[in-house]
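Peer 1: start.cif (mmCIF, C-alpha atoms) pasted underneath:
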data_target
loop_
_atom_site.label_atom_id
_atom_site.label_comp_id
_atom_site.auth_asym_id
_atom_site.auth_seq_id
_atom_site.Cartn_x
_atom_site.Cartn_y
_atom_site.Cartn_z
CA MET A 1 0.00 0.00 0.00
CA PRO A 2 1.46 3.42 -0.90
CA LYS A 3 2.29 5.82 1.89
CA PRO A 4 -0.10 8.77 2.19
CA ILE A 5 1.25 12.20 1.30
CA ILE A 6 0.89 15.09 3.75
CA ALA A 7 1.75 18.60 2.52
CA ILE A 8 2.62 21.51 4.83
CA VAL A 9 1.43 24.81 3.33
CA GLY A 10 0.93 28.41 4.40
CA ARG A 11 2.17 31.93 3.78
CA PRO A 12 5.86 32.82 4.30
CA ASN A 13 7.46 32.98 7.75
CA VAL A 14 4.83 31.12 9.74
CA GLY A 15 7.18 28.26 10.67
CA LYS A 16 6.42 25.64 8.02
CA SER A 17 10.00 24.44 7.69
CA THR A 18 10.46 24.40 11.46
CA LEU A 19 7.40 22.19 11.78
CA PHE A 20 8.64 20.01 8.92
CA ASN A 21 12.00 19.55 10.64
CA LYS A 22 10.37 18.83 13.98
CA ILE A 23 8.14 16.10 12.55
CA ALA A 24 10.78 14.68 10.22
CA GLY A 25 13.83 15.26 12.41
CA LYS A 26 14.12 11.77 13.84
CA ARG A 27 13.80 10.13 10.44
CA LEU A 28 16.26 12.51 8.81
CA ALA A 29 18.81 11.95 11.56
CA ILE A 30 19.21 8.29 10.58
CA VAL A 31 19.31 8.69 6.79
CA ASP A 32 22.50 7.08 5.49
CA ALA A 33 24.91 9.29 3.57
CA VAL A 34 25.11 8.06 -0.03
CA PRO A 35 28.48 8.88 -1.64
CA GLY A 36 28.10 10.93 -4.79
CA VAL A 37 24.43 11.69 -4.32
CA THR A 38 22.99 15.04 -3.27
CA ARG A 39 19.45 16.25 -3.48
CA ASP A 40 17.14 18.90 -2.11
CA ARG A 41 15.36 17.73 1.01
CA LEU A 42 11.83 18.95 0.35
CA PHE A 43 10.25 15.75 1.63
CA ALA A 44 10.87 13.10 4.25
CA ASP A 45 9.66 9.61 5.08
CA CYS A 46 8.06 9.81 8.52
CA GLU A 47 6.17 7.59 10.90
CA TRP A 48 3.50 8.28 13.51
CA LEU A 49 1.94 5.54 15.64
CA ASN A 50 3.10 2.83 13.21
CA ARG A 51 1.71 4.70 10.22
CA ARG A 52 4.28 5.70 7.63
CA PHE A 53 3.73 8.77 5.47
CA LEU A 54 5.54 11.13 3.11
CA LEU A 55 5.80 14.68 4.44
CA ILE A 56 6.23 17.56 1.96
CA ASP A 57 7.54 21.01 2.78
CA THR A 58 6.53 23.90 0.52
CA GLY A 59 7.53 27.49 0.02
CA GLY A 60 5.33 30.25 1.37
CA ILE A 61 2.20 31.05 -0.64
CA GLU A 62 1.62 34.63 -1.74
CA PRO A 63 -1.62 34.30 -3.76
CA PHE A 64 -1.42 37.56 -5.71
CA SER A 65 2.28 38.40 -5.85
CA ASP A 66 3.83 39.18 -9.26
CA ASP A 67 7.34 38.48 -7.98
CA VAL A 68 8.93 35.70 -10.06
CA ILE A 69 10.30 33.79 -7.09
CA LEU A 70 7.08 34.03 -5.09
CA SER A 71 5.00 33.00 -8.07
CA GLN A 72 7.19 29.91 -8.55
CA MET A 73 6.79 29.09 -4.86
CA ARG A 74 3.02 29.43 -5.30
CA GLU A 75 3.10 26.98 -8.23
CA GLN A 76 5.21 24.54 -6.24
CA ALA A 77 2.77 24.68 -3.35
CA ARG A 78 -0.16 24.19 -5.73
CA LEU A 79 1.47 21.07 -7.12
CA ALA A 80 2.00 19.70 -3.61
CA ILE A 81 -1.65 20.41 -2.74
CA GLU A 82 -2.88 18.61 -5.87
CA ASN A 83 -0.89 15.49 -5.07
CA ALA A 84 -1.42 15.38 -1.31
CA ASP A 85 -3.81 13.12 0.56
CA ALA A 86 -4.01 15.58 3.46
CA ILE A 87 -2.83 19.13 4.12
CA ILE A 88 -1.48 20.88 7.20
CA PHE A 89 -2.23 24.62 6.89
CA VAL A 90 0.20 26.51 9.13
CA THR A 91 -0.68 29.95 10.53
CA ASP A 92 1.01 32.27 13.02
CA LEU A 93 -0.53 33.07 16.43
CA ARG A 94 1.63 36.18 16.85
CA THR A 95 0.41 37.93 13.72
CA GLY A 96 -3.14 36.64 13.90
CA VAL A 97 -5.25 36.05 10.81
CA VAL A 98 -4.07 38.19 7.89
CA ALA A 99 -5.50 38.62 4.40
CA THR A 100 -3.05 36.11 2.91
CA ASP A 101 -4.22 33.45 5.38
CA GLU A 102 -7.78 34.02 4.23
CA GLU A 103 -6.80 33.69 0.57
CA VAL A 104 -4.84 30.49 1.24
CA ALA A 105 -7.79 29.08 3.18
CA VAL A 106 -10.08 29.73 0.20
CA MET A 107 -7.57 27.99 -2.08
CA LEU A 108 -7.46 24.95 0.20
CA ILE A 109 -11.25 24.74 0.54
CA LYS A 110 -11.55 24.80 -3.26
CA SER A 111 -9.02 21.97 -3.54
CA GLY A 112 -11.50 19.61 -1.88
CA LYS A 113 -8.71 18.06 0.22
CA LYS A 114 -8.89 17.37 3.93
CA VAL A 115 -7.19 20.27 5.72
CA THR A 116 -5.93 20.42 9.30
CA LEU A 117 -5.49 23.97 10.57
CA CYS A 118 -2.32 24.47 12.62
CA VAL A 119 -1.81 27.61 14.70
CA ASN A 120 1.94 27.77 15.21
CA LYS A 121 4.03 29.67 17.79
CA CYS A 122 1.75 28.79 20.69
CA ASP A 123 4.88 28.57 22.81
CA SER A 124 3.34 29.19 26.23
CA VAL A 125 2.10 26.22 28.23
CA GLY A 126 -1.35 26.48 29.75
CA GLU A 127 -4.56 28.17 28.72
CA LEU A 128 -4.70 29.35 25.11
CA PRO A 129 -4.75 33.11 24.53
CA ALA A 130 -7.85 34.82 23.18
CA GLU A 131 -6.07 35.45 19.85
CA PHE A 132 -6.13 31.70 19.16
CA TYR A 133 -9.90 31.64 18.66
CA GLU A 134 -9.67 34.19 15.85
CA PHE A 135 -8.50 31.37 13.56
CA TYR A 136 -11.94 29.75 13.63
CA ASN A 137 -12.92 32.52 11.19
CA LEU A 138 -10.95 30.76 8.44
CA GLY A 139 -13.75 28.20 8.15
CA LEU A 140 -11.49 25.14 8.47
CA GLY A 141 -12.83 23.68 11.68
CA ASP A 142 -11.08 23.39 15.03
CA PRO A 143 -7.49 24.64 14.88
CA VAL A 144 -4.66 22.78 16.63
CA ALA A 145 -2.28 24.78 18.83
CA VAL A 146 1.36 23.92 18.09
CA SER A 147 4.83 25.14 18.99
CA ALA A 148 7.05 23.88 16.17
CA VAL A 149 10.15 25.17 17.97
CA HIS A 150 9.49 23.22 21.16
CA GLY A 151 7.45 20.37 19.68
CA HIS A 152 4.35 21.10 21.77
CA GLY A 153 1.16 19.92 20.12
CA THR A 154 2.76 18.08 17.18
CA GLY A 155 1.37 14.77 18.39
CA ASP A 156 -2.15 16.21 18.60
CA LEU A 157 -1.65 17.67 15.14
CA LEU A 158 -0.71 14.33 13.60
CA ASP A 159 -3.56 12.60 15.42
CA ARG A 160 -5.94 15.08 13.81
CA VAL A 161 -4.38 14.60 10.38
CA PHE A 162 -4.77 10.85 10.47
CA GLU A 163 -8.34 11.10 11.75
CA GLU A 164 -9.16 12.94 8.54
CA MET A 165 -6.94 10.90 6.22
CA PRO A 166 -8.85 9.48 3.26
CA ALA A 167 -8.51 5.73 2.86
CA VAL A 168 -6.36 4.47 0.00
CA ASP A 169 -8.27 2.01 -2.15
CA THR A 170 -5.92 -0.72 -3.32
CA ALA A 171 -8.49 -3.45 -3.81
CA GLU A 172 -8.01 -3.55 -7.56
CA GLU A 173 -4.21 -3.66 -7.54
CA GLU A 174 -2.59 -6.73 -9.06
CA GLU A 175 -0.42 -8.42 -6.46
CA ASP A 176 1.51 -10.53 -8.98
CA ALA A 177 2.35 -7.65 -11.31
CA VAL A 178 5.71 -5.88 -11.33
CA ARG A 179 5.21 -2.24 -10.41
CA VAL A 180 7.42 -0.02 -12.57
CA ALA A 181 8.18 3.70 -12.24
CA VAL A 182 9.91 5.49 -15.11
CA ILE A 183 11.72 8.40 -13.50
CA GLY A 184 14.05 11.13 -14.68
CA LYS A 185 14.45 14.84 -15.09
CA PRO A 186 12.00 16.76 -17.31
CA ASN A 187 12.01 16.22 -21.08
CA VAL A 188 14.00 12.99 -21.25
CA GLY A 189 11.12 11.07 -22.83
CA LYS A 190 9.36 9.52 -19.82
CA SER A 191 5.91 9.94 -21.33
CA SER A 192 7.01 8.53 -24.67
CA LEU A 193 8.65 5.52 -23.06
CA VAL A 194 5.65 4.68 -20.84
CA ASN A 195 3.31 4.97 -23.81
CA ALA A 196 5.61 2.84 -25.99
CA LEU A 197 5.93 0.16 -23.31
CA CYS A 198 2.19 0.06 -22.73
CA GLY A 199 1.56 -0.26 -26.45
CA GLU A 200 4.01 -3.03 -27.27
CA ASN A 201 2.60 -6.54 -27.72
CA ARG A 202 -0.10 -5.88 -25.22
CA MET A 203 -2.87 -8.36 -24.62
CA ILE A 204 -4.75 -6.69 -21.79
CA VAL A 205 -4.58 -3.03 -20.87
CA SER A 206 -6.82 -1.45 -18.28
CA ASP A 207 -6.87 1.69 -16.17
CA ILE A 208 -6.64 1.16 -12.43
CA ALA A 209 -7.42 3.79 -9.82
CA GLY A 210 -4.03 3.79 -8.16
CA THR A 211 -4.40 6.24 -5.28
CA THR A 212 -6.34 9.31 -4.27
CA ARG A 213 -3.59 11.47 -5.75
CA ASP A 214 -5.23 12.17 -9.10
CA ALA A 215 -3.15 9.50 -10.81
CA THR A 216 -3.89 6.50 -12.99
CA ASP A 217 -1.83 3.32 -13.22
CA THR A 218 -1.82 1.17 -16.31
CA LEU A 219 -1.83 -2.62 -16.17
CA VAL A 220 -0.15 -4.37 -19.09
CA GLU A 221 -0.13 -8.13 -19.54
CA ASN A 222 1.90 -9.71 -22.33
CA GLU A 223 3.99 -12.79 -22.97
CA ARG A 224 6.60 -11.52 -20.49
CA GLY A 225 4.15 -11.20 -17.58
CA LYS A 226 2.10 -8.54 -15.81
CA PHE A 227 3.37 -5.01 -15.30
CA ILE A 228 1.83 -1.94 -13.70
CA PHE A 229 3.27 1.33 -14.97
CA ILE A 230 2.82 3.98 -12.34
CA ASP A 231 1.60 7.38 -13.45
CA THR A 232 1.83 10.52 -11.35
CA ALA A 233 1.54 14.17 -12.29
CA GLY A 234 4.37 14.99 -14.65
CA LEU A 235 5.15 11.40 -15.63
CA ARG A 236 2.63 10.70 -18.40
CA ARG A 237 0.77 13.97 -18.53
CA LYS A 238 2.40 17.33 -19.05
CA SER A 239 2.36 19.17 -15.76
CA ARG A 240 1.07 22.71 -15.65
CA VAL A 241 4.17 23.52 -13.65
CA ASP A 242 7.17 24.66 -15.68
CA SER A 243 9.65 21.86 -16.25
CA ASP A 244 12.51 23.98 -14.92
CA ILE A 245 11.22 23.68 -11.37
CA GLU A 246 13.71 20.92 -10.64
CA LYS A 247 12.77 20.48 -7.01
CA TYR A 248 9.30 19.27 -7.91
CA SER A 249 10.46 17.02 -10.72
CA ILE A 250 12.31 15.24 -7.92
CA LEU A 251 9.16 15.22 -5.79
CA ARG A 252 7.18 13.61 -8.60
CA ALA A 253 9.91 10.98 -8.92
CA LYS A 254 9.78 10.33 -5.18
CA MET A 255 6.04 9.78 -5.30
CA ALA A 256 6.40 7.28 -8.12
CA VAL A 257 9.38 5.48 -6.56
CA ASP A 258 7.51 5.01 -3.29
CA ARG A 259 4.90 2.83 -4.99
CA ALA A 260 7.19 0.95 -7.36
CA SER A 261 9.30 -2.19 -7.02
CA VAL A 262 11.44 -1.39 -10.10
CA CYS A 263 12.66 2.03 -11.22
CA VAL A 264 13.79 2.81 -14.75
CA VAL A 265 16.09 5.85 -14.49
CA LEU A 266 15.83 7.55 -17.87
CA ILE A 267 18.79 9.47 -19.31
CA ASP A 268 18.76 11.68 -22.41
CA ALA A 269 21.40 10.23 -24.75
CA VAL A 270 21.84 13.52 -26.59
CA GLU A 271 22.20 15.70 -23.50
CA GLY A 272 24.16 13.16 -21.47
CA PHE A 273 24.49 12.78 -17.72
CA THR A 274 23.62 15.72 -15.44
CA GLU A 275 23.57 16.28 -11.69
CA GLN A 276 19.77 16.09 -11.78
CA ASP A 277 20.05 12.51 -13.04
CA SER A 278 22.08 11.55 -9.96
CA LYS A 279 19.52 13.22 -7.69
CA VAL A 280 16.64 11.27 -9.21
CA ALA A 281 18.60 7.99 -9.13
CA GLY A 282 19.52 8.66 -5.50
CA ILE A 283 15.83 8.58 -4.56
CA ALA A 284 15.50 5.03 -5.88
CA LEU A 285 18.72 3.99 -4.14
CA GLU A 286 17.61 5.35 -0.77
CA ASP A 287 14.27 3.59 -1.08
CA GLY A 288 16.02 0.29 -1.84
CA LYS A 289 14.36 -0.21 -5.21
CA ALA A 290 15.65 -2.31 -8.08
CA CYS A 291 17.04 -0.04 -10.77
CA ILE A 292 17.80 0.06 -14.48
CA ILE A 293 19.60 2.96 -16.15
CA ALA A 294 18.01 3.43 -19.57
CA VAL A 295 19.64 5.75 -22.08
CA ASN A 296 16.80 7.06 -24.24
CA LYS A 297 16.94 8.71 -27.71
CA TRP A 298 19.82 6.43 -28.70
CA ASP A 299 18.58 6.64 -32.28
CA ALA A 300 19.50 10.35 -32.30
CA VAL A 301 23.17 9.78 -31.44
CA GLU A 302 25.81 9.58 -34.15
CA LYS A 303 27.61 6.31 -33.61
CA ASP A 304 30.59 4.26 -34.63
CA GLY A 305 31.72 0.85 -33.41
CA LYS A 306 33.01 2.24 -30.11
CA THR A 307 30.30 4.76 -29.17
CA MET A 308 28.21 2.49 -26.95
CA ASP A 309 31.18 1.11 -25.00
CA ALA A 310 32.58 4.60 -24.41
CA TYR A 311 29.16 5.93 -23.33
CA ARG A 312 28.66 2.97 -20.99
CA LYS A 313 32.08 3.45 -19.40
CA SER A 314 31.34 7.13 -18.81
CA LEU A 315 27.96 6.36 -17.21
CA MET A 316 29.51 3.75 -14.95
CA GLU A 317 31.76 6.50 -13.57
CA ASP A 318 28.85 8.94 -13.23
CA PHE A 319 26.70 6.33 -11.47
CA ALA A 320 29.50 4.85 -9.37
CA PHE A 321 27.22 5.11 -6.32
CA MET A 322 24.89 2.52 -7.88
CA SER A 323 27.30 0.41 -9.90
CA TYR A 324 24.98 -2.59 -9.56
CA ALA A 325 22.40 -1.08 -11.97
CA PRO A 326 22.46 -2.49 -15.52
CA ILE A 327 22.65 0.03 -18.38
CA ILE A 328 20.56 -0.32 -21.53
CA PHE A 329 20.43 1.89 -24.63
CA ILE A 330 16.91 2.35 -26.00
CA SER A 331 14.70 4.49 -28.17
CA ALA A 332 11.10 5.09 -27.17
CA LYS A 333 10.55 6.61 -30.60
CA THR A 334 11.69 3.62 -32.67
CA GLY A 335 11.06 0.87 -30.10
CA GLN A 336 14.73 -0.12 -30.05
CA ARG A 337 15.45 -2.69 -27.29
CA LEU A 338 12.10 -2.20 -25.52
CA GLY A 339 11.63 -5.96 -25.45
CA ARG A 340 14.99 -6.31 -23.75
CA LEU A 341 13.95 -3.61 -21.26
CA TYR A 342 10.89 -5.69 -20.30
CA ASP A 343 13.20 -8.66 -19.66
CA LEU A 344 15.51 -6.54 -17.53
CA ILE A 345 12.57 -5.25 -15.47
CA LYS A 346 11.54 -8.83 -14.63
CA TYR A 347 15.14 -9.82 -13.92
CA VAL A 348 16.07 -7.01 -11.51
CA ASP A 349 12.72 -7.37 -9.72
CA GLY A 350 13.64 -10.97 -8.97
CA GLN A 351 17.09 -9.93 -7.80
CA ASN A 352 15.56 -7.35 -5.45
CA ALA A 353 13.38 -10.09 -3.92
CA MET A 354 16.17 -12.71 -3.68
CA ARG A 355 16.59 -14.59 -0.41
CA ILE A 356 19.85 -16.41 0.36
CA SER A 357 20.18 -19.11 3.00
CA THR A 358 22.32 -18.42 6.06
CA GLY A 359 24.49 -21.46 5.32
CA LYS A 360 25.41 -20.29 1.82
CA LEU A 361 26.03 -16.75 3.00
CA ASN A 362 28.48 -17.92 5.64
CA GLU A 363 30.31 -20.13 3.16
CA VAL A 364 30.92 -17.03 1.04
CA LEU A 365 31.89 -15.04 4.13
CA ALA A 366 34.45 -17.64 5.22
CA SER A 367 35.97 -17.76 1.74
CA ALA A 368 36.13 -13.95 1.54
CA GLN A 369 37.83 -13.66 4.94
CA GLN A 370 40.32 -16.35 3.99
CA ARG A 371 41.19 -14.52 0.76
CA THR A 372 41.42 -11.09 2.45
CA PRO A 373 41.55 -11.18 6.27
CA PRO A 374 39.53 -8.57 8.19
CA PRO A 375 41.37 -5.33 9.00
CA THR A 376 43.12 -4.52 12.25
CA ASP A 377 43.40 -1.23 14.10
CA ARG A 378 45.92 -0.66 16.91
CA GLY A 379 46.26 -4.35 17.55
CA LYS A 380 42.53 -5.10 17.40
CA ARG A 381 41.21 -7.25 14.58
CA LEU A 382 37.68 -7.22 13.22
CA LYS A 383 35.84 -10.48 13.78
CA ILE A 384 32.75 -11.30 11.72
CA TYR A 385 31.09 -14.21 13.52
CA TYR A 386 28.37 -14.84 10.99
CA ILE A 387 25.97 -13.21 8.58
CA THR A 388 22.28 -13.80 7.89
CA GLN A 389 19.67 -12.23 5.64
CA ALA A 390 16.97 -10.37 7.53
CA SER A 391 14.69 -9.23 4.71
CA THR A 392 14.25 -8.62 0.99
CA ARG A 393 13.39 -5.57 -1.14
CA PRO A 394 16.19 -4.72 -0.83
CA PRO A 395 18.24 -7.70 0.37
CA THR A 396 19.24 -6.76 3.91
CA PHE A 397 22.00 -8.63 5.75
CA VAL A 398 22.78 -8.65 9.46
CA CYS A 399 26.45 -9.06 10.35
CA PHE A 400 27.35 -10.14 13.88
CA ILE A 401 30.74 -8.67 14.72
CA ASN A 402 32.98 -7.85 17.67
CA ASN A 403 33.47 -4.12 17.01
CA ARG A 404 31.53 -1.97 14.55
CA GLU A 405 34.27 0.67 14.47
CA LEU A 406 36.61 -1.88 12.88
CA PHE A 407 34.13 -2.75 10.12
CA HIS A 408 35.22 0.00 7.76
CA TYR A 409 33.21 0.85 4.66
CA SER A 410 35.95 -0.51 2.37
CA TYR A 411 35.80 -3.99 3.93
CA GLN A 412 32.01 -3.95 3.97
CA ARG A 413 32.14 -3.12 0.24
CA TYR A 414 34.55 -6.03 -0.25
CA ILE A 415 32.20 -8.48 1.47
CA ASP A 416 29.29 -7.13 -0.57
CA ASN A 417 31.23 -7.60 -3.80
CA ARG A 418 32.02 -11.22 -2.91
CA ILE A 419 28.33 -11.90 -2.19
CA ARG A 420 27.37 -10.31 -5.50
CA GLU A 421 29.97 -12.41 -7.35
CA VAL A 422 28.37 -15.61 -6.10
CA PHE A 423 24.65 -14.76 -6.00
CA GLY A 424 24.29 -11.96 -8.56
CA LEU A 425 22.03 -9.34 -6.97
CA GLU A 426 22.30 -7.33 -10.17
CA GLY A 427 20.12 -4.27 -10.32
CA THR A 428 19.41 -4.08 -6.59
CA PRO A 429 21.02 -2.21 -3.72
CA THR A 430 21.87 -4.09 -0.54
CA ARG A 431 21.74 -3.06 3.10
CA TYR A 432 24.00 -4.13 5.96
CA VAL A 433 23.04 -3.98 9.62
CA LEU A 434 25.86 -4.38 12.14
CA ARG A 435 25.28 -6.12 15.46
CA GLU A 436 28.02 -6.17 18.08
CA ARG A 437 28.20 -9.40 20.03
CA ASP A 438 29.34 -9.35 23.62
CA ARG A 439 32.90 -10.71 23.72
CA THR A 440 31.96 -12.71 26.79
CA ASP A 441 29.26 -14.50 24.74
CA LYS A 442 30.69 -17.91 23.94
CA ASN A 443 27.75 -19.09 21.81
#
Output the file's structure as structure tokens, nothing else.

Peer 2:
Amino acid sequence: MPKPIIAIVGRPNVGKSTLFNKIAGKRLAIVDAVPGVTRDRLFADCEWLNRRFLLIDTGGIEPFSDDVILSQMREQARLAIENADAIIFVTDLRTGVVATDEEVAVMLIKSGKKVTLCVNKCDSVGELPAEFYEFYNLGLGDPVAVSAVHGHGTGDLLDRVFEEMPAVDTAEEEEDAVRVAVIGKPNVGKSSLVNALCGENRMIVSDIAGTTRDATDTLVENERGKFIFIDTAGLRRKSRVDSDIEKYSILRAKMAVDRASVCVVLIDAVEGFTEQDSKVAGIALEDGKACIIAVNKWDAVEKDGKTMDAYRKSLMEDFAFMSYAPIIFISAKTGQRLGRLYDLIKYVDGQNAMRISTGKLNEVLASAQQRTPPPTDRGKRLKIYYITQASTRPPTFVCFINNRELFHYSYQRYIDNRIREVFGLEGTPTRYVLRERDRTDKN
């Protein structure tokens, strides 16, 4: 089931980002650093009372400003509102209700979405001041008093949000179908590729109501199996938001990745690799999804006998942070290698779901340690007692060791490479969880 999306909106300087950081802070504090990948943190995976959700931060809304920056922020916020399942409307107790708050409230009421009104900067503990009750005039029901700086009231706020959260209908989803998201920066041919894939050798095509986010998924069944191509705003329909708003092209990718099991990272062969490509790919890596790097518009590239090998070598350097992902050169326009892409989608999905027995894992571990002994530091040697697989999607391994400080990244990478040599795991990231075992434990 896809995680619900909650958008934080409001005029500038009411404390939206402070609230975002307060709610998302714990989750963000444990995000692993991914070498070579940077991206704007406009959203965060969060959890409240065992319910996971995607939290979106937005720029301040100035409904009638002609300023270029403010108008872009308004468009970004509008996009977030359109794609959200629920909205937190943040206001400021200190300034009271201003005209901009009233205009934003009208915008939110027209959206038809469930809105929770948050009155921020209620920093004093005890009885609420008389100014608080002024916010009832916005017509959005009972407001929730919050202090984003101190964290007061955030639990009550989230309780209210989830009380009003619309249910996600997944009854019609196909459990045995591979869920595929085609992601990439604007204008690389995502729409063309999805349409070409849905049109090739199809036997059954139907529209499925995917979520409440104004999106439609497409089920395709052919001789290679069942596939659901995930559609969100900006993936198969041209967004009303200008394509140069890079932050929200990443947000659209995040929304699609969240619901997919396989991600096709689309690159423009003519333009080549850009930093935005690494940002989009990093989303799939962090979510542990199986990945394929597809170089589109290959038909438009002038080639000789060495062009593909040289291009592949360059991309392997650019995508060094996800070297496990296979690279394929395609053309959505001509249909070049789309059949092979279908095969790759099935293959990497299986790799992402692979489970390896503890016995076989430890055979590989013993062989790897014999070939290259664990490192030492100031007379202390790393000991890896055993390894076991805890989960799939992505394959996650638990290593029981004597000292986590001795298990340097380089040796962890070495162990991972040995496991990949034996079992494959092509197209999928892996995760390693370290568990220190008490040295007095003889078992």

Peer 1: Spell out the residues picked by the PyMOL selection byres ((chain A and resi 161) around 10) here, as a PyMOL selection string.

Peer 2: chain A and resi 6+85-88+114-117+155-160+162-166

Peer 1: Please evaluate the PyMOL selection byres ((chain A and resi 353) around 7) against the displayed coordinates and give the resulting residues as a list of chain:residue names.

Peer 2: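 When the PyMOL selection byres ((chain A and resi 353) around 7) is applied to the shown file, the picked residues are A:Asp349, A:Gly350, A:Gln351, A:Asn352, A:Met354, A:Arg355, A:Thr392, A:Arg393, A:Pro394, A:Pro395.
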
Peer 1: Taking (0.1, 24.3, 19.6) in the coordinates of the supplied file, I want to know which residues reach to within 10 Å of it, counting all atoms listed in the file; could you give the answer as a PyMOL selection string?

Peer 2: chain A and resi 93+118-125+128+132+143-148+150-157

Peer 1: Running the PyMOL selection byres ((chain A and resi 263) around 9) on this model by hand, what would come out? Give it as JSON, numbers by chain.

Peer 2: {"A": [179, 180, 181, 182, 183, 256, 257, 260, 261, 262, 264, 265, 281, 284, 289, 290, 291, 292, 293, 345]}

Peer 1: Select, from A:Ile327, A:Met322, A:Ile228, A:Ala177, the residue with the minimum atom-to-atom distance to Ile267 of chain A, counting all atoms listed in the file.

Peer 2: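 Nearest to Ile267 of chain A: A:Ile327.
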
Peer 1: Neighbouring residues of Lys297 of chain A were defined as those with any atom within 9 Å, considering all atoms listed in the file; residues of the same chain fewer than 5 positions away were excluded. Please report them as a list in words.

Peer 2: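 Skipping anything fewer than 5 positions along the chain leaves Val188, Gly189, Ile267, Asp268, Ala269, Val270, Phe329, Ile330, Ser331, Ala332, Lys333 and Thr334 of chain A.
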
Peer 1: Select all residues near (32.9, -4.7, 4.7) (cut-off 12 Å, inclusive, file coordinates), counting all atoms listed in the file, and output them as a PyMOL selection string.

Peer 2: chain A and resi 365+368-369+372-375+382-384+387+397-399+401+404-419+431-434

Peer 1: Could you write out that same residue set with C-alpha atoms as a PDB file, in the frame of the given file?

Peer 2:
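File again_39.pdb, as written:
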ATOM      1  CA  LEU A 365      31.890 -15.040   4.130  1.00  0.00           C
ATOM      2  CA  ALA A 368      36.130 -13.950   1.540  1.00  0.00           C
ATOM      3  CA  GLN A 369      37.830 -13.660   4.940  1.00  0.00           C
ATOM      4  CA  THR A 372      41.420 -11.090   2.450  1.00  0.00           C
ATOM      5  CA  PRO A 373      41.550 -11.180   6.270  1.00  0.00           C
ATOM      6  CA  PRO A 374      39.530  -8.570   8.190  1.00  0.00           C
ATOM      7  CA  PRO A 375      41.370  -5.330   9.000  1.00  0.00           C
ATOM      8  CA  LEU A 382      37.680  -7.220  13.220  1.00  0.00           C
ATOM      9  CA  LYS A 383      35.840 -10.480  13.780  1.00  0.00           C
ATOM     10  CA  ILE A 384      32.750 -11.300  11.720  1.00  0.00           C
ATOM     11  CA  ILE A 387      25.970 -13.210   8.580  1.00  0.00           C
ATOM     12  CA  PHE A 397      22.000  -8.630   5.750  1.00  0.00           C
ATOM     13  CA  VAL A 398      22.780  -8.650   9.460  1.00  0.00           C
ATOM     14  CA  CYS A 399      26.450  -9.060  10.350  1.00  0.00           C
ATOM     15  CA  ILE A 401      30.740  -8.670  14.720  1.00  0.00           C
ATOM     16  CA  ARG A 404      31.530  -1.970  14.550  1.00  0.00           C
ATOM     17  CA  GLU A 405      34.270   0.670  14.470  1.00  0.00           C
ATOM     18  CA  LEU A 406      36.610  -1.880  12.880  1.00  0.00           C
ATOM     19  CA  PHE A 407      34.130  -2.750  10.120  1.00  0.00           C
ATOM     20  CA  HIS A 408      35.220   0.000   7.760  1.00  0.00           C
ATOM     21  CA  TYR A 409      33.210   0.850   4.660  1.00  0.00           C
ATOM     22  CA  SER A 410      35.950  -0.510   2.370  1.00  0.00           C
ATOM     23  CA  TYR A 411      35.800  -3.990   3.930  1.00  0.00           C
ATOM     24  CA  GLN A 412      32.010  -3.950   3.970  1.00  0.00           C
ATOM     25  CA  ARG A 413      32.140  -3.120   0.240  1.00  0.00           C
ATOM     26  CA  TYR A 414      34.550  -6.030  -0.250  1.00  0.00           C
ATOM     27  CA  ILE A 415      32.200  -8.480   1.470  1.00  0.00           C
ATOM     28  CA  ASP A 416      29.290  -7.130  -0.570  1.00  0.00           C
ATOM     29  CA  ASN A 417      31.230  -7.600  -3.800  1.00  0.00           C
ATOM     30  CA  ARG A 418      32.020 -11.220  -2.910  1.00  0.00           C
ATOM     31  CA  ILE A 419      28.330 -11.900  -2.190  1.00  0.00           C
ATOM     32  CA  ARG A 431      21.740  -3.060   3.100  1.00  0.00           C
ATOM     33  CA  TYR A 432      24.000  -4.130   5.960  1.00  0.00           C
ATOM     34  CA  VAL A 433      23.040  -3.980   9.620  1.00  0.00           C
ATOM     35  CA  LEU A 434      25.860  -4.380  12.140  1.00  0.00           C
TER      36      LEU A 434
END

Peer 1: Taking 5 positions as the minimum chain separation for residues in the same chain, which residues sit within 7 Å of segment 96-98 of chain A when counting all atoms listed in the file? Answer as a list of chain:residue names.

Peer 2: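 The filter keeps A:Glu131, A:Glu134, A:Phe135.
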
Peer 1: Suppose you want the space between atom CA of Ala320 of chain A and atom CA of Asp45 of chain A; what is it in Å?

Peer 2: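 If I compute the distance from atom CA of Ala320 of chain A to atom CA of Asp45 of chain A, I get 25.0 Å.
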
Peer 1: When distances are computed from only C-alpha atoms, which of A:Gly25, A:Gly184, A:Ser391, A:Ile328 shows the smallest separation from Glu275 of chain A?

Peer 2: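 The closest residue to Glu275 of chain A is A:Gly184.
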
Peer 1: Which distance in Å separates atom CA of Gly15 of chain A and atom CA of Val90 of chain A, to one decimal?

Peer 2: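 Between these atoms lies a distance of 7.4 Å.
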
Peer 1: Suppose you want the space between atom CA of Asn137 of chain A and atom CA of Ala99 of chain A; what is it in Å?

Peer 2: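 Straight-line distance from atom CA of Asn137 of chain A to atom CA of Ala99 of chain A works out to 11.8 Å.
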
Peer 1: May I ask which of the residues A:Arg437, A:Arg11, A:Lys306, A:Arg340 is the closest one to Ala105 of chain A, counting all atoms listed in the file?

Peer 2: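 Closest residue, counting all atoms listed in the file: A:Arg11.
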